[in-house]
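Novice: Got a structure for you, written out below as structure tokens; questions coming shortly.
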Amino acid sequence: AIVSSKDLIDKYTTNMWILISSTWHDEIEKQLKELGIKNIKTYSLNEYVNNTYIKNGTSESYKRYFIEEVNEFEKFYNMLEDLDSRQVFKNLIAYRISGNLDCLKESSFSQYFHPKVHPVKGDVIIDGGGFTGDTVKQFNNYLHSCCKIHSFVPSSNNYAQMVSFIEVENLLNVTAVQAGLGEKIGKFCMNPIKDGNNPGYSISTERSEEIMVISLDEYVEK
């Protein structure tokens with residue numbers, strides 16, 4: 001139920017705590033305190049990360065990995081030509097090591113649509129990891145479907161949803177390919193990531209789902 005600020009003050013602040021669980025917890029807490037409400041508990045995303053990402057050792061593991069491969073990280077950093085990309089890269093490393101979400105800054109532009117690097121009408125777009133059609137929808141909306149999209153979806157479940165999405169939306173400019181992209185043709189076992197926070201998949205030796213992987217060069221030649 002939605003409660004007005006007046007009812008919140010008159011009826012709910014004397015005998016219960018107000019729990020804030022929102023990305024905008026700082027702003028909400030500030031507004032409540034300005035109303036004179038003090039019995040506030042905040043459960044922020046940073047606390048969630050501290051309870052999972054850091055305590056399960058992921059942060060420490062990444063820190064060791066960074067130290068071991070620091071030369072490779074530096075090579076990649078030097079390959080980035082613009083300052084924005086370099087800053088994003090540094091922010092990601094800082095987040096991975098510290099688990100502090102404040103290291104991640106909101107981008108000034110939408111994903112895939114950089115002011116200087118973005119698709120244009122007539123492009124042939126390779127959508128590597130098309131999931132169930134979310135990126136296809138973004139590209140078509142941006143280009144008014146004036147493009148050709150080849151979307152690679154290795155998971156059989158996601159591929160079925162992608163095909164259904166294409167049929168329902170009558171997307172004549174989209175080709176769904178049930179395969180992953182890699183260095184060369186091969187078959188691999190793929191499993192869902194089971195950490196509860198990641199909807200993706202990982203290549204595994206355990207036989208969960210066998211997928212086909214092809215190279216982009218070989219696909220284009222066909």
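In the structure tokens, chains take letters A, B, ... by order of appearance, with residues numbered from 1 within each chain and ligands from 1 in the order shown.
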Among segment 129-210 of chain A, which ones does DSSP place in strand (DSSP E or B), written as a list in words?

Specialist: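 Assigned to strand (DSSP E or B), within segment 129-210 of chain A: Lys148, Ile149, His150, Ser151, Phe152, Val174, Thr175, Ala176, Val177, Gly180, Leu181, Gly186, Lys187, Phe188, Cys189, Met190, Asn191, Pro192, Tyr201, Ser202, Ile203, Ser204, Glu209 and Glu210 of chain A.
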
Novice: Those residues with N, CA and C atoms, as an mmCIF file, in the first residue's frame please?

Specialist:
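Result saved to selection.cif:
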```
data_model
loop_
_atom_site.group_PDB
_atom_site.id
_atom_site.type_symbol
_atom_site.label_atom_id
_atom_site.label_comp_id
_atom_site.auth_asym_id
_atom_site.auth_seq_id
_atom_site.Cartn_x
_atom_site.Cartn_y
_atom_site.Cartn_z
ATOM 1 N N LYS A 148 20.683 -5.152 -40.722
ATOM 2 C CA LYS A 148 20.614 -6.610 -40.720
ATOM 3 C C LYS A 148 21.328 -7.104 -39.478
ATOM 4 N N ILE A 149 20.644 -7.911 -38.664
ATOM 5 C CA ILE A 149 21.211 -8.361 -37.391
ATOM 6 C C ILE A 149 21.367 -9.881 -37.396
ATOM 7 N N HIS A 150 22.567 -10.340 -37.068
ATOM 8 C CA HIS A 150 22.834 -11.764 -36.877
ATOM 9 C C HIS A 150 23.071 -11.963 -35.383
ATOM 10 N N SER A 151 22.143 -12.625 -34.724
ATOM 11 C CA SER A 151 22.197 -12.747 -33.269
ATOM 12 C C SER A 151 22.560 -14.175 -32.874
ATOM 13 N N PHE A 152 23.656 -14.310 -32.130
ATOM 14 C CA PHE A 152 24.166 -15.620 -31.728
ATOM 15 C C PHE A 152 23.712 -15.946 -30.307
ATOM 16 N N VAL A 174 16.244 -9.950 -38.890
ATOM 17 C CA VAL A 174 17.015 -10.597 -37.821
ATOM 18 C C VAL A 174 17.169 -12.089 -38.107
ATOM 19 N N THR A 175 18.403 -12.570 -37.998
ATOM 20 C CA THR A 175 18.697 -13.997 -38.127
ATOM 21 C C THR A 175 19.236 -14.508 -36.797
ATOM 22 N N ALA A 176 18.561 -15.483 -36.220
ATOM 23 C CA ALA A 176 19.021 -16.085 -34.964
ATOM 24 C C ALA A 176 19.892 -17.297 -35.276
ATOM 25 N N VAL A 177 21.032 -17.391 -34.616
ATOM 26 C CA VAL A 177 21.971 -18.486 -34.831
ATOM 27 C C VAL A 177 22.198 -19.192 -33.498
ATOM 28 N N GLY A 180 27.560 -20.241 -30.126
ATOM 29 C CA GLY A 180 28.369 -19.210 -29.506
ATOM 30 C C GLY A 180 29.469 -18.792 -30.467
ATOM 31 N N LEU A 181 30.100 -17.682 -30.191
ATOM 32 C CA LEU A 181 31.211 -17.205 -31.008
ATOM 33 C C LEU A 181 32.527 -17.487 -30.296
ATOM 34 N N GLY A 186 33.846 -25.713 -32.581
ATOM 35 C CA GLY A 186 34.015 -26.747 -31.574
ATOM 36 C C GLY A 186 32.750 -26.927 -30.764
ATOM 37 N N LYS A 187 32.731 -27.959 -29.943
ATOM 38 C CA LYS A 187 31.607 -28.214 -29.050
ATOM 39 C C LYS A 187 32.084 -28.099 -27.606
ATOM 40 N N PHE A 188 31.252 -27.470 -26.791
ATOM 41 C CA PHE A 188 31.606 -27.253 -25.394
ATOM 42 C C PHE A 188 30.396 -27.540 -24.509
ATOM 43 N N CYS A 189 30.674 -27.762 -23.227
ATOM 44 C CA CYS A 189 29.604 -27.911 -22.247
ATOM 45 C C CYS A 189 29.396 -26.564 -21.555
ATOM 46 N N MET A 190 28.151 -26.194 -21.390
ATOM 47 C CA MET A 190 27.822 -24.899 -20.799
ATOM 48 C C MET A 190 26.844 -25.093 -19.652
ATOM 49 N N ASN A 191 27.103 -24.390 -18.551
ATOM 50 C CA ASN A 191 26.237 -24.479 -17.378
ATOM 51 C C ASN A 191 25.810 -23.093 -16.925
ATOM 52 N N PRO A 192 24.603 -22.961 -16.378
ATOM 53 C CA PRO A 192 24.205 -21.677 -15.790
ATOM 54 C C PRO A 192 25.092 -21.352 -14.598
ATOM 55 N N TYR A 201 25.976 -17.742 -18.275
ATOM 56 C CA TYR A 201 26.435 -19.125 -18.345
ATOM 57 C C TYR A 201 27.960 -19.144 -18.348
ATOM 58 N N SER A 202 28.513 -20.307 -18.055
ATOM 59 C CA SER A 202 29.961 -20.469 -18.118
ATOM 60 C C SER A 202 30.290 -21.794 -18.790
ATOM 61 N N ILE A 203 31.449 -21.825 -19.473
ATOM 62 C CA ILE A 203 31.922 -23.070 -20.069
ATOM 63 C C ILE A 203 32.418 -23.971 -18.945
ATOM 64 N N SER A 204 32.045 -25.240 -18.999
ATOM 65 C CA SER A 204 32.350 -26.141 -17.897
ATOM 66 C C SER A 204 32.703 -27.525 -18.431
ATOM 67 N N GLU A 209 24.725 -28.727 -20.739
ATOM 68 C CA GLU A 209 24.175 -28.511 -22.078
ATOM 69 C C GLU A 209 25.327 -28.384 -23.061
ATOM 70 N N GLU A 210 25.304 -29.190 -24.098
ATOM 71 C CA GLU A 210 26.349 -29.112 -25.117
ATOM 72 C C GLU A 210 25.980 -28.046 -26.139
#
```

Novice: DSSP says alpha helix (DSSP H) for which residues of segment 8-192 of chain A? Put them as an MDAnalysis selection string?

Specialist: chainID A and resid 25:34 45:49 58:68 70:79 83:98 134:143 156:169

Novice: Can I get the selected residues back with C-alpha atoms, as a CSV table (one decimal), in the first residue's frame?

Specialist:
```csv
chain,number,residue,atom,x,y,z
A,25,HIS,CA,18.5,5.1,-0.4
A,26,ASP,CA,20.5,8.2,0.3
A,27,GLU,CA,17.9,10.5,-1.2
A,28,ILE,CA,15.0,8.7,0.5
A,29,GLU,CA,16.8,8.8,3.9
A,30,LYS,CA,17.5,12.5,3.6
A,31,GLN,CA,13.8,13.3,2.8
A,32,LEU,CA,12.6,11.2,5.7
A,33,LYS,CA,15.0,12.9,8.1
A,34,GLU,CA,13.8,16.3,6.9
A,45,LEU,CA,23.3,-2.3,-2.4
A,46,ASN,CA,26.7,-1.8,-0.9
A,47,GLU,CA,25.6,-3.8,2.1
A,48,TYR,CA,24.3,-6.5,-0.1
A,49,VAL,CA,27.7,-6.6,-2.0
A,58,THR,CA,35.3,-13.1,-4.8
A,59,SER,CA,36.9,-9.7,-4.1
A,60,GLU,CA,40.1,-11.2,-2.6
A,61,SER,CA,40.3,-13.7,-5.5
A,62,TYR,CA,40.1,-10.9,-8.1
A,63,LYS,CA,42.7,-8.9,-6.2
A,64,ARG,CA,45.2,-11.8,-6.4
A,65,TYR,CA,44.3,-12.2,-10.1
A,66,PHE,CA,45.0,-8.5,-10.8
A,67,ILE,CA,48.4,-8.6,-9.1
A,68,GLU,CA,49.4,-11.7,-11.0
A,70,VAL,CA,49.0,-6.6,-13.8
A,71,ASN,CA,51.1,-6.4,-17.0
A,72,GLU,CA,48.2,-7.7,-19.1
A,73,PHE,CA,45.9,-5.2,-17.4
A,74,GLU,CA,48.3,-2.4,-18.3
A,75,LYS,CA,48.6,-3.6,-21.9
A,76,PHE,CA,44.8,-3.5,-22.3
A,77,TYR,CA,44.6,-0.1,-20.5
A,78,ASN,CA,47.1,1.4,-23.0
A,79,MET,CA,45.1,0.0,-25.9
A,83,LEU,CA,40.1,9.0,-21.5
A,84,ASP,CA,36.5,8.0,-20.8
A,85,SER,CA,37.2,4.3,-21.7
A,86,ARG,CA,40.3,4.3,-19.5
A,87,GLN,CA,38.4,5.8,-16.6
A,88,VAL,CA,35.6,3.2,-17.0
A,89,PHE,CA,38.3,0.4,-17.0
A,90,LYS,CA,39.9,1.8,-13.8
A,91,ASN,CA,36.5,2.1,-12.2
A,92,LEU,CA,35.7,-1.6,-13.0
A,93,ILE,CA,39.0,-2.8,-11.5
A,94,ALA,CA,38.4,-0.7,-8.4
A,95,TYR,CA,34.9,-2.2,-8.0
A,96,ARG,CA,36.1,-5.7,-8.5
A,97,ILE,CA,38.9,-5.3,-5.9
A,98,SER,CA,36.9,-3.4,-3.3
A,134,ASP,CA,16.8,-7.4,-25.7
A,135,THR,CA,19.7,-6.0,-27.8
A,136,VAL,CA,17.9,-6.8,-31.0
A,137,LYS,CA,15.1,-4.6,-29.9
A,138,GLN,CA,17.5,-1.8,-29.0
A,139,PHE,CA,19.2,-1.9,-32.4
A,140,ASN,CA,15.9,-2.0,-34.3
A,141,ASN,CA,14.4,0.9,-32.3
A,142,TYR,CA,17.5,3.0,-32.8
A,143,LEU,CA,17.8,2.3,-36.5
A,156,SER,CA,18.8,-23.8,-26.3
A,157,ASN,CA,16.3,-22.2,-23.9
A,158,ASN,CA,17.3,-18.6,-24.8
A,159,TYR,CA,17.4,-19.5,-28.5
A,160,ALA,CA,13.8,-20.7,-28.4
A,161,GLN,CA,12.7,-17.5,-26.8
A,162,MET,CA,14.7,-15.5,-29.3
A,163,VAL,CA,13.0,-17.3,-32.2
A,164,SER,CA,9.6,-16.7,-30.7
A,165,PHE,CA,10.4,-13.0,-30.2
A,166,ILE,CA,11.4,-12.7,-33.9
A,167,GLU,CA,8.3,-14.4,-35.1
A,168,VAL,CA,5.9,-12.5,-32.8
A,169,GLU,CA,7.5,-9.2,-33.8
```
